[in-house]
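Shown next, in structure tokens, is the structure this report addresses.
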Amino acid sequence: MLKEAYPYYLANEPVYDNADLDVTDKFSGAVATRVALADASAIDQAIAAAVAAEAPMAAMPPYERQAILYHCVKRFSERAEELADALCIEAGKPIKDARGEVTRLIDTFRVAAEESVRIGGEVLNLEIAPRAKGYRGFTKRVPVGACSFISPFNFPLNLAAHKVAPAIAAGCPFVLKPASRTPIGALIIGEVLAETDLPKGAFSILPCHRDGADLFTEDDRLKLLSFTGSPAVGWDLKARAGKKKVVLELGGNAACVVDENTNLDDAVARIIFGAFYQSGQSCIGVQRIYGHRSQYAELKQRLIEKTKQLKMGDPKKEDTFIGPMISEGEAKRLDKWVQEAIDAGATLLCGGKRNGAMLEATLLENVPNHCAICTEEAFGPVAVLEPFDDFDAVLERVNDSAFGLQAGIFTRDLYRAQKAWDVLDVGGVVIGDVPSWRVDNMPYGGVKDSGLGREGIRWAIADMTEERLLVIRTP
């Protein structure tokens, strides 16, 4: 059960200024709880507090940062079911998916705890010429300073964790703006952080309206902006971010290739998961499926059968696989794209019906390439099928996209797997599985419209630190 109201966190402290933000149960539509909204003054105070906390955060020895992160692992484990229930309510995420995200939250903080004591440097041989005789070089990594984080609605726990946990490991104070539709998970993270001995001002978690969040982007006191969300918003924020570092994790319309001689039992099971888990609201969800013509008919039939079997309904029920989309407006938008594709000549293989925020798991075939359901990010339970004959040609089809996050390739041919890795213009190629696969210690991110930089704890720590050189001359 959710509390009646939640505070925001300003400089490590809960603030119950108001209860102006209604958080709805995404399945019933009823108000589930209320949250305090931060105004521009609170955001300004939070940034000032984070700047003041830069020196004490940087001075914390690694074992103290590690202890804080391990405390979070312990408390998240103890509150796992509470976190899953909150996620199920505020995001409409089926309860099994919600529990999976809580597991990833715990994994992410655990990996950050392990990495916090491994932030090292390098000894450099500078004697590359006679003029450098007697010189030695050393590097270490130092925190960049106060960071700004903006996290999305679809993974409100784990994608916040991928910013918060490495910041603590690196020694960076931060201000976090969680998605206003799904702020509860981040605020529970704040509750746990408030139990620790982090320096005053080390963290602020501030739900706020978008028009009140300009300071998160434009304030020059902040040294790094990390944003996860839509491409249109992300690239606009980068343009306004000034001199600070910017990391963007944006959208995708991920492709999955099923090559000849693939084990279809395995491939179909994974594709169904990749396309429709958490109602398709994942930036690496399977959106475009390319099947080799030699077994395309069987692949299509199996996908239709399995898709029709998916149970849609109340996300709180254990057997629900398809829950509501985040809002009725998003469901209407995607339903419109499906209808536009059908009007343009696509074949509806299954699904396609909408009721409020609920949209059936939907498969389309023969979709013209110009249709939005092919060119844009669906971000919902819809995937399109297309046959192919030539492996090199299908790799070109995968690359024919403004996005480049991840791609999945089912093939038993080692050389084709290597070719995919060589030529696909994406941040990651997954062989023998769907592009939707991610583990929390790997470098994760995209190219083209899909973003800039990489998440994954070690890579995020690298972004949140600067390399500092020491040169010593022996006279």
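By order of appearance in the structure tokens: chains A, B, ..., then residues from 1 within every chain, and ligands from 1 in the order shown.
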
>> Give me the residues near A:Ser41 as a ChimeraX atom specification, where near means some atom within 12 Å (using only C-alpha atoms) and where sequence neighbours in that chain fewer than 3 positions away do not count.
In response: /A:10,37-38,44-48,206,208,212-215

Just-selected residues, N, CA, C and O atoms written as a short mmCIF file (atom, residue, chain, number, x, y, z; two decimals), in the first residue's frame:
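Writing the result to part-v7.cif gives the following:
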data_model
loop_
_atom_site.label_atom_id
_atom_site.label_comp_id
_atom_site.auth_asym_id
_atom_site.auth_seq_id
_atom_site.Cartn_x
_atom_site.Cartn_y
_atom_site.Cartn_z
N LEU A 10 14.99 17.61 -0.11
CA LEU A 10 15.82 18.77 -0.36
C LEU A 10 17.01 18.72 0.57
O LEU A 10 16.85 18.76 1.80
N LEU A 37 5.35 18.83 -4.66
CA LEU A 37 6.02 19.35 -5.85
C LEU A 37 7.02 20.42 -5.46
O LEU A 37 6.71 21.32 -4.67
N ALA A 38 8.20 20.36 -6.03
CA ALA A 38 9.21 21.38 -5.78
C ALA A 38 9.02 22.54 -6.75
O ALA A 38 8.73 22.33 -7.94
N ASP A 44 16.56 25.67 -6.83
CA ASP A 44 17.73 26.52 -6.67
C ASP A 44 18.46 26.21 -5.36
O ASP A 44 19.70 26.12 -5.34
N GLN A 45 17.70 26.03 -4.29
CA GLN A 45 18.32 25.68 -3.00
C GLN A 45 19.02 24.32 -3.08
O GLN A 45 20.10 24.13 -2.51
N ALA A 46 18.40 23.39 -3.78
CA ALA A 46 18.99 22.05 -3.89
C ALA A 46 20.31 22.10 -4.65
O ALA A 46 21.29 21.43 -4.26
N ILE A 47 20.37 22.89 -5.73
CA ILE A 47 21.61 23.01 -6.49
C ILE A 47 22.69 23.66 -5.64
O ILE A 47 23.85 23.21 -5.62
N ALA A 48 22.32 24.71 -4.91
CA ALA A 48 23.30 25.36 -4.03
C ALA A 48 23.81 24.39 -2.98
O ALA A 48 25.02 24.37 -2.67
N LEU A 206 13.47 15.76 -6.47
CA LEU A 206 12.53 16.86 -6.58
C LEU A 206 11.54 16.65 -7.74
O LEU A 206 11.81 17.06 -8.87
N CYS A 208 8.79 17.77 -10.06
CA CYS A 208 8.39 19.13 -10.42
C CYS A 208 7.81 19.10 -11.82
O CYS A 208 8.00 18.14 -12.57
N GLY A 212 9.11 23.96 -14.65
CA GLY A 212 9.87 24.39 -13.47
C GLY A 212 11.23 23.75 -13.38
O GLY A 212 11.96 23.94 -12.41
N ALA A 213 11.59 22.99 -14.39
CA ALA A 213 12.81 22.18 -14.31
C ALA A 213 13.95 22.73 -15.16
O ALA A 213 14.96 22.05 -15.33
N ASP A 214 13.81 23.94 -15.68
CA ASP A 214 14.87 24.49 -16.53
C ASP A 214 16.21 24.54 -15.80
O ASP A 214 17.27 24.37 -16.42
N LEU A 215 16.16 24.78 -14.48
CA LEU A 215 17.41 24.85 -13.72
C LEU A 215 18.18 23.54 -13.78
O LEU A 215 19.41 23.55 -13.72
#

> Please, which residues of stretch 312-390 of chain A, numbered as in this document, come out strand (DSSP E or B) from DSSP, as a list of chain:residue names?
Replying inline: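 Matching residues, listed in order: A:Met312, A:Ile322, A:Thr347, A:Leu348, A:Leu349, A:Cys350, A:Arg354, A:Asn355, A:Met358, A:Leu359, A:Thr362, A:Leu363, A:Leu364, A:Glu365, A:Val382, A:Ala383, A:Val384, A:Leu385, A:Glu386, A:Pro387, A:Phe388.
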
> Hey, what's within 9 Å of A:Lys316 if we count only C-alpha atoms and toss same-chain stuff fewer than 2 positions away? As number ranges by chain, please?
Replying inline: A: 85, 88-89, 92-96, 313-314, 318-320, 323

Residues as selected, N, CA and C atoms, written as a compact mmCIF listing (two decimals), in the first residue's frame, can you do that?
# COMPACT_ATOMS: atom_id res chain seq x y z
N ASP A 85 5.17 -3.28 -5.37
CA ASP A 85 3.76 -2.85 -5.34
C ASP A 85 3.61 -1.40 -5.78
N CYS A 88 4.04 -1.25 -9.51
CA CYS A 88 2.86 -1.81 -10.16
C CYS A 88 1.73 -0.77 -10.23
N ILE A 89 1.58 -0.01 -9.15
CA ILE A 89 0.50 0.97 -9.09
C ILE A 89 0.83 2.20 -9.92
N GLY A 92 1.76 1.04 -13.67
CA GLY A 92 0.91 0.05 -14.34
C GLY A 92 1.69 -1.15 -14.81
N LYS A 93 2.86 -1.38 -14.22
CA LYS A 93 3.74 -2.46 -14.65
C LYS A 93 3.26 -3.78 -14.06
N PRO A 94 3.08 -4.82 -14.87
CA PRO A 94 2.69 -6.12 -14.31
C PRO A 94 3.60 -6.52 -13.17
N ILE A 95 3.02 -7.11 -12.14
CA ILE A 95 3.73 -7.32 -10.89
C ILE A 95 5.00 -8.16 -11.07
N LYS A 96 4.99 -9.11 -11.98
CA LYS A 96 6.20 -9.90 -12.20
C LYS A 96 7.31 -9.03 -12.78
N GLY A 313 -4.66 -7.31 -18.62
CA GLY A 313 -5.59 -6.94 -17.56
C GLY A 313 -4.90 -6.23 -16.41
N ASP A 314 -5.40 -6.49 -15.21
CA ASP A 314 -4.95 -5.83 -13.99
C ASP A 314 -3.49 -6.19 -13.73
N GLU A 318 -1.02 -11.93 -10.79
CA GLU A 318 0.22 -12.63 -11.07
C GLU A 318 0.32 -13.11 -12.52
N ASP A 319 -0.81 -13.41 -13.16
CA ASP A 319 -0.76 -13.98 -14.51
C ASP A 319 -0.92 -12.93 -15.61
N THR A 320 -0.96 -11.64 -15.24
CA THR A 320 -1.08 -10.59 -16.25
C THR A 320 0.27 -10.34 -16.91
N GLY A 323 -0.22 -5.00 -19.24
CA GLY A 323 -0.96 -4.04 -18.42
C GLY A 323 -1.25 -2.78 -19.22

>> Could you list, as a ChimeraX atom specification, every residue within 8 Å of A:Glu365, counting only C-alpha atoms and ignoring same-chain residues fewer than 4 positions away?
In response: /A:346-349,384-386

> Can you list, as an NGL selection string, every protein, DNA or RNA residue that comes within 12 Å of A:Ala53 when you count only C-alpha atoms, leaving out same-chain residues fewer than 6 positions away?
Replying inline: :A and (11-12 or 46-47 or 59-60 or 143 or 145-147 or 168 or 171-175 or 198-204)

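Using only C-alpha atoms, the smallest distance between any of A:Lys74, A:Arg438, A:Lys317, A:His292 and A:Asp392 comes from A:His292.
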
>> Can you pull out every residue from stretch 91-178 of chain A that DSSP, working from the backbone, puts in alpha helix (DSSP H), and format the result as a VMD selection string?
In response: chain A and resid 91 95 to 115 158 to 170

Can you list every residue of stretch 25-112 of chain A that has an atom at most 10 Å from stretch 327-338 of chain A, with its nearest atom pair and the distance in Å to one decimal, using only C-alpha atoms, ordered by chain then number, as CSV?
residue,atom,partner,partner_atom,distance
A:Lys26,CA,A:Ser327,CA,7.1
A:Phe27,CA,A:Ser327,CA,9.2
A:Gly29,CA,A:Ser327,CA,9.0
A:Ala91,CA,A:Ser327,CA,9.4
A:Gly92,CA,A:Ser327,CA,9.4

Go ahead and save the picked residues with N, CA, C and O atoms, as a compact mmCIF listing (two decimals), in the first residue's frame.
# COMPACT_ATOMS: atom_id res chain seq x y z
N LYS A 26 -2.36 3.49 -12.57
CA LYS A 26 -2.45 3.54 -14.02
C LYS A 26 -3.46 2.54 -14.59
O LYS A 26 -3.85 2.65 -15.75
N PHE A 27 -3.90 1.56 -13.80
CA PHE A 27 -4.91 0.62 -14.27
C PHE A 27 -6.31 1.15 -14.00
O PHE A 27 -7.16 1.19 -14.90
N GLY A 29 -7.07 4.32 -12.86
CA GLY A 29 -7.20 5.75 -13.10
C GLY A 29 -7.45 6.57 -11.85
O GLY A 29 -7.45 7.80 -11.92
N ALA A 91 3.19 2.85 -12.20
CA ALA A 91 3.58 2.69 -13.60
C ALA A 91 2.66 1.75 -14.36
O ALA A 91 2.77 1.64 -15.58
N GLY A 92 1.76 1.04 -13.67
CA GLY A 92 0.91 0.05 -14.34
C GLY A 92 1.69 -1.15 -14.81
O GLY A 92 1.26 -1.90 -15.68

> Near stretch 278-289 of chain A, counting only C-alpha atoms, which residues have an atom at most 8 Å away, once you skip same-chain residues fewer than 2 positions from it, shown as a ChimeraX atom specification?
Replying inline: /A:93-94,97,154,250-258,271,274-276,291,321-325,361,374,377-386,405-406,434-437

>> List as a list in words the protein and nucleic acid residues near A:Val426, meaning an atom at most 9 Å away when only C-alpha atoms are counted, but skip any in the same chain fewer than 6 places from it.
In response: Asn399, Phe403, Gly404, Leu405, Gln406, Ala407, Gly445, Gly446, Val447, Lys448 and Ser450 of chain A

> Which is closer to A:Val73 than all the others in A:Ile150, A:Ile373, A:Ala112, A:Val367, using only C-alpha atoms?
Replying inline: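 Of A:Ile150, A:Ile373, A:Ala112, A:Val367, the one nearest A:Val73, counting only C-alpha atoms, is A:Ala112.
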
>> With distances taken over only C-alpha atoms, which residue among A:Pro156, A:Ile184, A:Asn441, A:Thr375 lies nearest A:Arg397?
In response: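 Of A:Pro156, A:Ile184, A:Asn441, A:Thr375, the one nearest A:Arg397, counting only C-alpha atoms, is A:Thr375.
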
>> What's the separation between atom CA of A:Asp422 and atom CA of A:Asp259, in Å to one decimal place?
In response: 17.0 Å

>> I'd like to know which of A:Ala52, A:Val429, A:Ala169, A:Leu2 is closest to A:Phe109, using only C-alpha atoms.
In response: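 With only C-alpha atoms as the atom set, the closest residue is A:Ala169.
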
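Proximity of A:Val423, A:Val164, A:Ile409, A:Ala80 to A:Glu396, computed with only C-alpha atoms, is greatest for A:Val423.
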
> Between atom CA of A:Tyr6 and atom CA of A:Ala98, what is the distance, to one decimal in Å?
Replying inline: 20.2 Å

>> When you count only C-alpha atoms, which of these residues is closest to A:Ile43: A:Lys177, A:Arg240, A:Arg458, A:Arg110?
In response: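 Closest to A:Ile43, using only C-alpha atoms: A:Lys177.
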